[in-house]
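Data from work.cif: mmCIF, C-alpha atoms and all ligand atoms
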```cif
data_model
#
loop_
_atom_site.group_PDB
_atom_site.id
_atom_site.type_symbol
_atom_site.label_atom_id
_atom_site.label_comp_id
_atom_site.auth_asym_id
_atom_site.auth_seq_id
_atom_site.Cartn_x
_atom_site.Cartn_y
_atom_site.Cartn_z
ATOM 1 C CA MET A 6 12.301 0.060 27.756
ATOM 2 C CA ALA A 7 12.243 -3.648 28.614
ATOM 3 C CA LYS A 8 15.075 -5.448 26.869
ATOM 4 C CA VAL A 9 14.565 -8.706 25.010
ATOM 5 C CA ASN A 10 17.170 -11.398 25.625
ATOM 6 C CA LYS A 11 18.033 -12.025 21.994
ATOM 7 C CA LYS A 12 20.624 -14.723 22.630
ATOM 8 C CA ASN A 13 18.168 -17.196 24.134
ATOM 9 C CA PHE A 14 15.201 -15.761 22.341
ATOM 10 C CA GLY A 15 12.426 -18.138 21.344
ATOM 11 C CA GLY A 16 10.487 -20.998 22.792
ATOM 12 C CA PRO A 17 7.625 -23.303 21.935
ATOM 13 C CA TRP A 18 5.529 -20.349 20.803
ATOM 14 C CA THR A 19 8.168 -19.573 18.144
ATOM 15 C CA VAL A 20 7.374 -22.839 16.416
ATOM 16 C CA GLU A 21 3.620 -22.150 16.553
ATOM 17 C CA LYS A 22 4.132 -18.865 14.761
ATOM 18 C CA LEU A 23 6.399 -20.342 12.084
ATOM 19 C CA ASP A 24 4.041 -23.288 11.500
ATOM 20 C CA CYS A 25 1.209 -20.862 10.722
ATOM 21 C CA ILE A 26 3.341 -18.872 8.277
ATOM 22 C CA GLU A 27 4.527 -22.048 6.541
ATOM 23 C CA LYS A 28 0.980 -23.376 6.166
ATOM 24 C CA PHE A 29 -0.182 -20.078 4.744
ATOM 25 C CA LEU A 30 2.733 -19.869 2.283
ATOM 26 C CA LYS A 31 1.999 -23.405 1.071
ATOM 27 C CA ALA A 32 -1.674 -22.627 0.443
ATOM 28 C CA TYR A 33 -0.863 -19.257 -1.146
ATOM 29 C CA SER A 34 1.808 -20.590 -3.492
ATOM 30 C CA ASN A 35 -0.407 -23.506 -4.517
ATOM 31 C CA ILE A 36 -3.186 -21.103 -5.488
ATOM 32 C CA PHE A 37 -0.870 -18.884 -7.516
ATOM 33 C CA LYS A 38 1.169 -21.612 -9.143
ATOM 34 C CA LEU A 39 -1.516 -24.214 -9.806
ATOM 35 C CA GLY A 40 -4.626 -22.086 -10.421
ATOM 36 C CA SER A 41 -5.288 -20.462 -13.793
ATOM 37 C CA LYS A 42 -6.224 -17.029 -12.367
ATOM 38 C CA GLY A 43 -3.157 -16.738 -10.156
ATOM 39 C CA ALA A 44 -0.680 -17.587 -12.890
ATOM 40 C CA ARG A 45 -0.844 -14.088 -14.398
ATOM 41 C CA PHE A 46 0.665 -12.562 -11.252
ATOM 42 C CA GLU A 47 4.312 -12.343 -10.271
ATOM 43 C CA THR A 48 4.568 -13.399 -6.626
ATOM 44 C CA SER A 49 7.039 -12.251 -3.977
ATOM 45 C CA TYR A 50 7.740 -13.341 -0.444
ATOM 46 C CA VAL A 51 9.184 -10.576 1.742
ATOM 47 C CA ASP A 52 10.696 -11.537 5.103
ATOM 48 C CA GLY A 53 11.371 -8.189 6.760
ATOM 49 C CA PHE A 54 13.084 -9.461 9.925
ATOM 50 C CA VAL A 55 14.560 -12.579 8.439
ATOM 51 C CA GLY A 56 17.379 -13.470 10.872
ATOM 52 C CA SER A 57 20.224 -15.797 9.900
ATOM 53 C CA GLY A 58 18.001 -18.464 8.340
ATOM 54 C CA GLU A 59 19.665 -21.145 10.474
ATOM 55 C CA SER A 60 17.705 -23.902 12.180
ATOM 56 C CA LYS A 61 17.403 -23.369 15.908
ATOM 57 C CA ALA A 62 17.336 -25.737 18.844
ATOM 58 C CA CYS A 63 14.853 -25.527 21.672
ATOM 59 C CA THR A 64 16.858 -25.080 24.856
ATOM 60 C CA SER A 65 14.224 -24.257 27.451
ATOM 61 C CA ILE A 66 13.776 -27.411 29.505
ATOM 62 C CA ASP A 67 12.816 -25.980 32.862
ATOM 63 C CA SER A 68 9.315 -27.367 33.064
ATOM 64 C CA ASP A 69 7.660 -30.657 32.237
ATOM 65 C CA ALA A 70 5.732 -29.192 29.349
ATOM 66 C CA ASP A 71 8.870 -27.712 27.811
ATOM 67 C CA GLN A 72 10.750 -30.948 28.232
ATOM 68 C CA LEU A 73 8.061 -32.688 26.242
ATOM 69 C CA PHE A 74 8.338 -30.053 23.558
ATOM 70 C CA CYS A 75 12.114 -30.482 23.347
ATOM 71 C CA MET A 76 11.767 -34.192 22.820
ATOM 72 C CA GLN A 77 9.277 -33.639 20.040
ATOM 73 C CA ALA A 78 11.048 -30.828 18.237
ATOM 74 C CA GLN A 79 14.784 -30.745 18.741
ATOM 75 C CA LEU A 80 15.351 -28.383 15.881
ATOM 76 C CA TYR A 81 13.020 -26.018 14.117
ATOM 77 C CA GLU A 82 13.454 -24.418 10.730
ATOM 78 C CA SER A 83 13.574 -20.659 10.228
ATOM 79 C CA SER A 84 10.993 -18.647 8.309
ATOM 80 C CA ALA A 85 13.484 -18.238 5.426
ATOM 81 C CA LYS A 86 14.056 -21.979 4.992
ATOM 82 C CA ARG A 87 10.369 -22.762 5.240
ATOM 83 C CA ALA A 88 9.681 -20.280 2.432
ATOM 84 C CA LEU A 89 12.547 -21.567 0.268
ATOM 85 C CA ASP A 90 11.485 -25.198 0.736
ATOM 86 C CA LEU A 91 8.036 -24.691 -0.804
ATOM 87 C CA VAL A 92 7.130 -27.170 -3.534
ATOM 88 C CA HIS A 93 5.861 -24.264 -5.630
ATOM 89 C CA PRO A 94 8.284 -21.442 -4.868
ATOM 90 C CA PHE A 95 7.547 -17.727 -5.145
ATOM 91 C CA ASP A 96 8.877 -15.832 -8.182
ATOM 92 C CA LYS A 97 10.975 -13.590 -5.942
ATOM 93 C CA TYR A 98 12.259 -13.680 -2.375
ATOM 94 C CA TYR A 99 13.298 -10.548 -0.479
ATOM 95 C CA PHE A 100 15.147 -11.187 2.774
ATOM 96 C CA ILE A 101 15.871 -8.169 4.963
ATOM 97 C CA ASP A 102 17.736 -7.878 8.243
ATOM 98 C CA ILE A 103 19.327 -4.865 9.864
ATOM 99 C CA ASP A 104 22.160 -7.061 11.157
ATOM 100 C CA ASN A 105 24.613 -7.747 8.366
ATOM 101 C CA SER A 106 26.185 -10.729 10.153
ATOM 102 C CA LYS A 107 22.809 -12.511 9.962
ATOM 103 C CA LEU A 108 22.647 -11.917 6.225
ATOM 104 C CA GLN A 109 26.143 -13.324 5.775
ATOM 105 C CA LYS A 110 24.955 -16.574 7.342
ATOM 106 C CA LEU A 111 21.857 -16.468 5.191
ATOM 107 C CA ASN A 112 24.039 -16.035 2.127
ATOM 108 C CA LYS A 113 25.579 -19.431 2.869
ATOM 109 C CA ILE A 114 22.136 -21.020 3.103
ATOM 110 C CA LYS A 115 21.347 -19.451 -0.271
ATOM 111 C CA GLN A 116 23.916 -21.819 -1.785
ATOM 112 C CA GLU A 117 21.712 -24.763 -0.802
ATOM 113 C CA TYR A 118 19.099 -23.422 -3.234
ATOM 114 C CA PRO A 119 20.911 -22.995 -6.579
ATOM 115 C CA HIS A 120 17.613 -23.249 -8.473
ATOM 116 C CA LEU A 121 16.381 -20.122 -6.648
ATOM 117 C CA SER A 122 19.579 -18.087 -6.611
ATOM 118 C CA SER A 123 18.459 -15.627 -9.314
ATOM 119 C CA LYS A 124 15.187 -15.043 -7.447
ATOM 120 C CA LEU A 125 16.694 -14.335 -4.052
ATOM 121 C CA PHE A 126 17.568 -10.812 -2.897
ATOM 122 C CA LEU A 127 19.173 -9.978 0.445
ATOM 123 C CA PHE A 128 19.149 -6.499 1.995
ATOM 124 C CA SER A 129 20.928 -5.340 5.109
ATOM 125 C CA GLN A 130 18.522 -2.563 6.000
ATOM 126 C CA ASP A 131 15.810 -1.395 8.366
ATOM 127 C CA ALA A 132 12.678 -3.268 7.274
ATOM 128 C CA ASN A 133 10.575 -0.092 7.548
ATOM 129 C CA GLU A 134 12.772 1.670 5.015
ATOM 130 C CA PHE A 135 12.861 -1.350 2.728
ATOM 131 C CA MET A 136 9.058 -1.592 2.733
ATOM 132 C CA ILE A 137 8.684 2.040 1.641
ATOM 133 C CA ASP A 138 10.738 1.358 -1.517
ATOM 134 C CA PHE A 139 9.136 -2.040 -2.115
ATOM 135 C CA CYS A 140 5.582 -0.689 -1.856
ATOM 136 C CA ASP A 141 6.421 2.384 -3.952
ATOM 137 C CA SER A 142 7.382 0.235 -6.907
ATOM 138 C CA PHE A 143 4.693 -2.406 -6.314
ATOM 139 C CA ASN A 144 2.338 -2.745 -9.271
ATOM 140 C CA ASN A 145 -0.992 -4.098 -8.161
ATOM 141 C CA SER A 146 -2.065 -5.045 -11.713
ATOM 142 C CA TYR A 147 0.459 -7.838 -12.059
ATOM 143 C CA GLU A 148 2.108 -8.328 -8.637
ATOM 144 C CA ARG A 149 1.087 -10.078 -5.443
ATOM 145 C CA ALA A 150 3.129 -10.572 -2.276
ATOM 146 C CA VAL A 151 3.167 -12.019 1.200
ATOM 147 C CA VAL A 152 5.036 -9.917 3.760
ATOM 148 C CA PHE A 153 6.088 -11.406 7.091
ATOM 149 C CA LEU A 154 7.206 -8.951 9.778
ATOM 150 C CA ASP A 155 8.720 -10.834 12.708
ATOM 151 C CA PRO A 156 10.465 -8.337 15.011
ATOM 152 C CA TYR A 157 11.655 -8.869 18.573
ATOM 153 C CA ALA A 158 9.685 -5.878 19.830
ATOM 154 C CA MET A 159 8.246 -2.563 18.606
ATOM 155 C CA GLN A 160 10.432 -2.137 15.512
ATOM 156 C CA VAL A 161 7.496 -2.092 13.063
ATOM 157 C CA LYS A 162 6.148 1.416 12.566
ATOM 158 C CA TRP A 163 2.480 1.964 11.871
ATOM 159 C CA LYS A 164 3.285 3.952 8.747
ATOM 160 C CA THR A 165 4.918 0.792 7.325
ATOM 161 C CA VAL A 166 1.725 -1.193 7.947
ATOM 162 C CA GLU A 167 -0.274 1.581 6.267
ATOM 163 C CA ILE A 168 1.960 1.680 3.182
ATOM 164 C CA ILE A 169 1.620 -2.104 2.826
ATOM 165 C CA GLY A 170 -2.185 -1.837 3.040
ATOM 166 C CA ARG A 171 -2.322 0.844 0.382
ATOM 167 C CA THR A 172 -0.744 -1.428 -2.259
ATOM 168 C CA LYS A 173 -3.983 -3.492 -2.239
ATOM 169 C CA GLY A 174 -1.987 -6.550 -3.305
ATOM 170 C CA ILE A 175 -0.077 -7.652 -0.216
ATOM 171 C CA ASP A 176 -1.054 -10.210 2.422
ATOM 172 C CA LEU A 177 0.556 -9.144 5.691
ATOM 173 C CA TRP A 178 1.506 -11.309 8.669
ATOM 174 C CA TRP A 179 2.735 -9.151 11.528
ATOM 175 C CA LEU A 180 3.995 -10.545 14.790
ATOM 176 C CA ALA A 181 2.907 -7.611 16.913
ATOM 177 C CA PRO A 182 4.469 -7.431 20.367
ATOM 178 C CA ILE A 183 2.036 -7.469 23.288
ATOM 179 C CA GLY A 184 3.707 -8.554 26.526
ATOM 180 C CA VAL A 185 7.360 -7.761 25.737
ATOM 181 C CA ALA A 186 6.126 -4.308 24.788
ATOM 182 C CA PRO A 187 3.773 -2.391 24.660
ATOM 183 C CA LEU A 188 2.171 -3.799 27.854
ATOM 184 C CA ARG A 189 5.324 -3.177 29.853
ATOM 185 C CA LEU A 190 5.285 0.447 28.764
ATOM 186 C CA LEU A 191 1.649 0.909 29.707
ATOM 187 C CA LYS A 192 2.085 1.684 33.389
ATOM 188 C CA ARG A 193 -0.814 0.695 35.632
ATOM 189 C CA ASN A 194 -1.206 3.903 37.647
ATOM 190 C CA ARG A 195 -0.192 6.614 35.172
ATOM 191 C CA LEU A 196 0.311 7.355 31.508
ATOM 192 C CA PRO A 197 3.751 6.367 30.193
ATOM 193 C CA GLU A 198 6.493 8.991 30.076
ATOM 194 C CA SER A 199 6.635 10.963 26.849
ATOM 195 C CA ILE A 200 9.531 8.982 25.335
ATOM 196 C CA TYR A 201 7.506 5.765 25.694
ATOM 197 C CA SER A 202 4.238 7.409 24.653
ATOM 198 C CA GLY A 203 6.043 8.412 21.464
ATOM 199 C CA LYS A 204 7.010 4.769 20.846
ATOM 200 C CA LEU A 205 3.409 3.681 21.352
ATOM 201 C CA ASP A 206 2.171 6.418 18.978
ATOM 202 C CA GLU A 207 4.644 5.146 16.384
ATOM 203 C CA MET A 208 3.465 1.554 16.739
ATOM 204 C CA PHE A 209 -0.285 2.288 16.774
ATOM 205 C CA GLY A 210 -0.148 5.249 14.373
ATOM 206 C CA THR A 211 -2.429 7.274 16.645
ATOM 207 C CA GLN A 212 -2.648 8.686 20.155
ATOM 208 C CA THR A 213 -6.143 7.321 20.746
ATOM 209 C CA TRP A 214 -4.641 4.353 22.629
ATOM 210 C CA LYS A 215 -4.545 6.691 25.641
ATOM 211 C CA ASP A 216 -8.361 6.886 25.731
ATOM 212 C CA ARG A 217 -8.767 3.176 25.007
ATOM 213 C CA PHE A 218 -6.316 1.942 27.607
ATOM 214 C CA TYR A 219 -6.677 4.496 30.439
ATOM 215 C CA THR A 220 -9.491 5.946 32.502
ATOM 216 C CA THR A 221 -9.326 9.061 34.600
ATOM 217 C CA ASP A 222 -11.309 9.176 37.857
ATOM 218 C CA GLU A 223 -12.306 12.284 39.734
ATOM 219 C CA PRO A 224 -10.543 12.630 43.139
ATOM 220 C CA LEU A 225 -12.325 10.445 45.700
ATOM 221 C CA ALA A 226 -11.162 12.131 48.831
ATOM 222 C CA LEU A 227 -10.736 15.758 49.758
ATOM 223 C CA PHE A 228 -7.008 15.368 50.215
ATOM 224 C CA GLU A 229 -6.612 13.984 46.684
ATOM 225 C CA GLN A 230 -5.815 17.033 44.588
ATOM 226 C CA ARG A 231 -5.632 15.591 41.101
ATOM 227 C CA PRO A 232 -7.746 13.136 39.096
ATOM 228 C CA ARG A 233 -6.282 9.642 39.022
ATOM 229 C CA THR A 234 -5.350 8.096 35.674
ATOM 230 C CA VAL A 235 -5.227 4.304 35.703
ATOM 231 C CA ARG A 236 -4.817 1.658 33.065
ATOM 232 C CA SER A 237 -8.097 -0.121 32.465
ATOM 233 C CA ALA A 238 -6.924 -2.254 29.535
ATOM 234 C CA ASP A 239 -5.601 -5.783 29.738
ATOM 235 C CA TRP A 240 -3.827 -7.582 26.902
ATOM 236 C CA LYS A 241 -7.107 -8.581 25.267
ATOM 237 C CA ILE A 242 -8.060 -4.919 24.835
ATOM 238 C CA VAL A 243 -4.623 -4.187 23.379
ATOM 239 C CA VAL A 244 -5.101 -6.994 20.828
ATOM 240 C CA SER A 245 -8.621 -5.740 19.929
ATOM 241 C CA PHE A 246 -7.243 -2.251 19.476
ATOM 242 C CA LEU A 247 -4.579 -3.565 17.088
ATOM 243 C CA VAL A 248 -7.245 -5.372 15.063
ATOM 244 C CA GLU A 249 -9.296 -2.150 14.916
ATOM 245 C CA ARG A 250 -6.249 -0.232 13.735
ATOM 246 C CA LEU A 251 -5.549 -2.802 10.999
ATOM 247 C CA LYS A 252 -9.135 -2.444 9.790
ATOM 248 C CA THR A 253 -8.521 1.232 9.062
ATOM 249 C CA THR A 254 -6.120 0.174 6.300
ATOM 250 C CA PHE A 255 -7.087 -3.368 5.239
ATOM 251 C CA ASN A 256 -10.474 -4.779 4.215
ATOM 252 C CA CYS A 257 -9.800 -8.332 5.386
ATOM 253 C CA VAL A 258 -8.410 -8.599 8.905
ATOM 254 C CA LEU A 259 -8.212 -11.661 11.128
ATOM 255 C CA GLU A 260 -10.550 -10.875 14.052
ATOM 256 C CA ASP A 261 -8.840 -13.196 16.535
ATOM 257 C CA PRO A 262 -5.087 -13.149 15.998
ATOM 258 C CA LEU A 263 -3.023 -16.027 17.340
ATOM 259 C CA VAL A 264 -1.769 -14.871 20.727
ATOM 260 C CA LEU A 265 1.477 -16.596 21.671
ATOM 261 C CA MET A 266 1.814 -17.300 25.376
ATOM 262 C CA ASN A 267 4.991 -18.031 27.310
ATOM 263 C CA ARG A 268 5.283 -20.906 29.736
ATOM 264 C CA ASN A 269 3.792 -18.786 32.541
ATOM 265 C CA ASN A 270 0.755 -18.198 30.360
ATOM 266 C CA ASN A 271 1.556 -14.548 29.753
ATOM 267 C CA PRO A 272 0.925 -13.096 26.288
ATOM 268 C CA MET A 273 4.077 -12.406 24.302
ATOM 269 C CA TYR A 274 2.922 -11.554 20.784
ATOM 270 C CA ALA A 275 -0.150 -11.471 18.573
ATOM 271 C CA LEU A 276 0.298 -12.969 15.127
ATOM 272 C CA CYS A 277 -1.934 -10.687 13.066
ATOM 273 C CA TYR A 278 -3.092 -11.188 9.484
ATOM 274 C CA ALA A 279 -4.417 -8.455 7.204
ATOM 275 C CA SER A 280 -4.995 -8.220 3.459
ATOM 276 C CA GLN A 281 -7.446 -7.066 0.842
ATOM 277 C CA ASN A 282 -8.590 -10.533 -0.189
ATOM 278 C CA MET A 283 -11.203 -12.829 1.296
ATOM 279 C CA THR A 284 -9.526 -16.042 0.136
ATOM 280 C CA GLY A 285 -6.370 -15.182 2.069
ATOM 281 C CA LEU A 286 -8.422 -14.286 5.135
ATOM 282 C CA ARG A 287 -10.339 -17.560 4.979
ATOM 283 C CA ILE A 288 -7.084 -19.552 4.798
ATOM 284 C CA ALA A 289 -5.517 -17.530 7.638
ATOM 285 C CA LYS A 290 -8.633 -18.052 9.781
ATOM 286 C CA ASP A 291 -8.593 -21.841 9.215
ATOM 287 C CA ILE A 292 -4.902 -22.108 10.087
ATOM 288 C CA VAL A 293 -5.149 -19.982 13.223
ATOM 289 C CA SER A 294 -8.378 -21.577 14.508
ATOM 290 C CA LYS A 295 -6.853 -25.036 14.137
ATOM 291 C CA LYS A 296 -3.721 -23.933 15.957
ATOM 292 C CA LYS A 297 -5.819 -22.512 18.803
ATOM 293 C CA ARG A 298 -7.642 -25.826 19.186
ATOM 294 C CA GLU A 299 -4.462 -27.910 19.185
ATOM 295 C CA SER A 300 -1.729 -25.984 20.953
ATOM 296 C CA THR A 301 -0.911 -25.246 24.593
ATOM 297 C CA TYR A 302 1.110 -22.118 23.905
ATOM 298 C CA VAL A 303 -1.520 -20.002 22.186
ATOM 299 C CA SER A 304 -4.752 -18.223 22.972
HETATM 300 C C1 LIG B 401 12.794 -12.702 15.793
HETATM 301 S S1 LIG B 401 14.183 -12.523 14.770
HETATM 302 C C2 LIG B 401 13.633 -13.211 13.244
HETATM 303 C C3 LIG B 401 13.527 -14.690 13.244
HETATM 304 C C4 LIG B 401 13.244 -15.311 11.901
HETATM 305 N N1 LIG B 401 11.927 -14.967 11.403
HETATM 306 C C5 LIG B 401 13.406 -16.833 11.978
HETATM 307 O O1 LIG B 401 12.468 -17.563 11.685
HETATM 308 O O2 LIG B 401 14.521 -17.272 12.329
HETATM 309 C C6 LIG B 401 14.212 -10.806 14.450
HETATM 310 C C7 LIG B 401 15.291 -10.305 13.503
HETATM 311 O O3 LIG B 401 15.032 -8.935 13.194
HETATM 312 C C8 LIG B 401 16.252 -8.255 13.012
HETATM 313 N N2 LIG B 401 15.943 -6.802 13.132
HETATM 314 C C9 LIG B 401 15.825 -6.065 14.267
HETATM 315 N N3 LIG B 401 15.457 -4.803 13.957
HETATM 316 C C10 LIG B 401 15.304 -4.758 12.603
HETATM 317 C C11 LIG B 401 14.885 -3.751 11.698
HETATM 318 N N4 LIG B 401 14.551 -2.512 12.115
HETATM 319 N N5 LIG B 401 14.824 -4.058 10.392
HETATM 320 C C12 LIG B 401 15.163 -5.306 9.944
HETATM 321 N N6 LIG B 401 15.573 -6.293 10.762
HETATM 322 C C13 LIG B 401 15.622 -6.039 12.074
HETATM 323 C C14 LIG B 401 17.182 -8.851 14.031
HETATM 324 O O4 LIG B 401 18.535 -8.694 13.644
HETATM 325 C C15 LIG B 401 16.719 -10.332 14.037
HETATM 326 O O5 LIG B 401 17.539 -11.092 13.187
#
```

Let me see the file written as structure tokens.
Ligand SMILES: C[S@@+](CC[C@H](N)C(=O)[O-])C[C@H]1O[C@@H](n2cnc3c(N)ncnc32)[C@H](O)[C@@H]1O
Amino acid sequence: MAKVNKKNFGGPWTVEKLDCIEKFLKAYSNIFKLGSKGARFETSYVDGFVGSGESKACTSIDSDADQLFCMQAQLYESSAKRALDLVHPFDKYYFIDIDNSKLQKLNKIKQEYPHLSSKLFLFSQDANEFMIDFCDSFNNSYERAVVFLDPYAMQVKWKTVEIIGRTKGIDLWWLAPIGVAPLRLLKRNRLPESIYSGKLDEMFGTQTWKDRFYTTDEPLALFEQRPRTVRSADWKIVVSFLVERLKTTFNCVLEDPLVLMNRNNNPMYALCYASQNMTGLRIAKDIVSKKKRESTYVS
């Protein structure tokens, strides 16, 4: 499978994604901490692929547009810091990363937030496994949560998304890979090999992607023995399919996720939102529509 260069990972689109999450967390925490209805709920923020929490520098300066970006935003804050810096913090923070060295760095950042130290829980674990336990003990009558899943590639399993939906009390933001994978696995002139098909089944939670993304033609010429299977789907169809899949589990799904484009205008990820509440969806829609109007690196 295509490998992601994790060392130099990120770019202008990274900031777009984090800006949306931050805006949503601000609006969400204001509603729960300032409104009378929200106050009866205990709120959690779960960052399933949290990273080290350190601020990062933009280093890609190989085009005019990127140079401009670097001048404007030398450093950008991580998802963890943005969540911890909220004026009205969550009642609990769960930070998960499979890489223990990242959590050690995050543990240092934790010391900058002594007022939150008893509310902050770090787990060195696969986010899919963590979410099973978290959702199992989630009590919808007095808990609410925002979950942010921000993987490099196809690490989020569909069954995790489904378990989150079933709690009926979680607002999910999922940075679903599009260009990095699965598009690279979806070969143009044939179905992917079984090992990659299995990965796609795991991400979409179904095998129906084969019918949605591929068409099979009858042989055109006498010498063509077998029907030809070709990919008919482009990235827009893949994004629509993801939205359809989310609707099987959530009542309120953002119809047009924020698609993050790289500097060659190729789609990298779709920032998807799904929940069971209309207020959350309305806020997510406002944030994403505004971003689409203002930014170069999204579609
Ligand atoms: C894109 S980075 C997260 C960036 C972070 N949101 C930020 O703002 O800095 C993805 C992280 O996911 C972690 N990771 C990869 N596979 C994982 C898994 N199965 N479960 C949990 N974390 C995982 C990686 O170690 C990496 O730190």

Q. How would you write, as a list in words, the residues chosen by the PyMOL selection byres (((chain A and resi 104) around 10) and not hetatm) on this structure?
A.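 Selected by the PyMOL selection byres (((chain A and resi 104) around 10) and not hetatm) here: Phe54, Val55, Gly56, Ser57, Ile101, Asp102, Ile103, Asn105, Ser106, Lys107, Leu108, Gln109, Phe128, Ser129, Gln130 and Asp131 of chain A.
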
**Q.** Contact residues around range 176-191 of chain A with only C-alpha atoms at 6 Å, ignoring same-chain residues under 3 positions, as an MDAnalysis selection string
**A.** chainID A and resid 151:155 158 197 272:280

Q. Written as JSON, numbers by chain, what is the full residue list that the PyMOL selection byres (((chain A and resi 263-270) around 10) and not hetatm) yields on the file shown?
A. {"A": [15, 16, 17, 18, 19, 21, 22, 25, 65, 67, 68, 70, 71, 180, 181, 182, 183, 184, 240, 241, 244, 259, 260, 261, 262, 271, 272, 273, 274, 275, 276, 277, 278, 290, 292, 293, 294, 296, 297, 300, 301, 302, 303, 304]}

Q) Leaving out Arg233 in chain A and any residue of its chain fewer than 4 positions from it, which residues lie within 8 Å of it when counting only C-alpha atoms, given as a ChimeraX atom specification? A) /A:194-195,221-224

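Residues matched by the PyMOL selection byres (((chain A and resi 82) around 12) and not hetatm) in this structure: Thr19, Val20, Glu21, Lys22, Leu23, Asp24, Ile26, Glu27, Gly56, Ser57, Gly58, Glu59, Ser60, Lys61, Ala62, Cys63, Ala78, Gln79, Leu80, Tyr81, Ser83, Ser84, Ala85, Lys86, Arg87, Ala88, Leu89 and Asp90 of chain A.
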
Q) Which value, in Å to one decimal, gives the distance between CA of Ile200 in chain A and atom O4 of ligand LIG 401 (chain B)? A) 23.0 Å
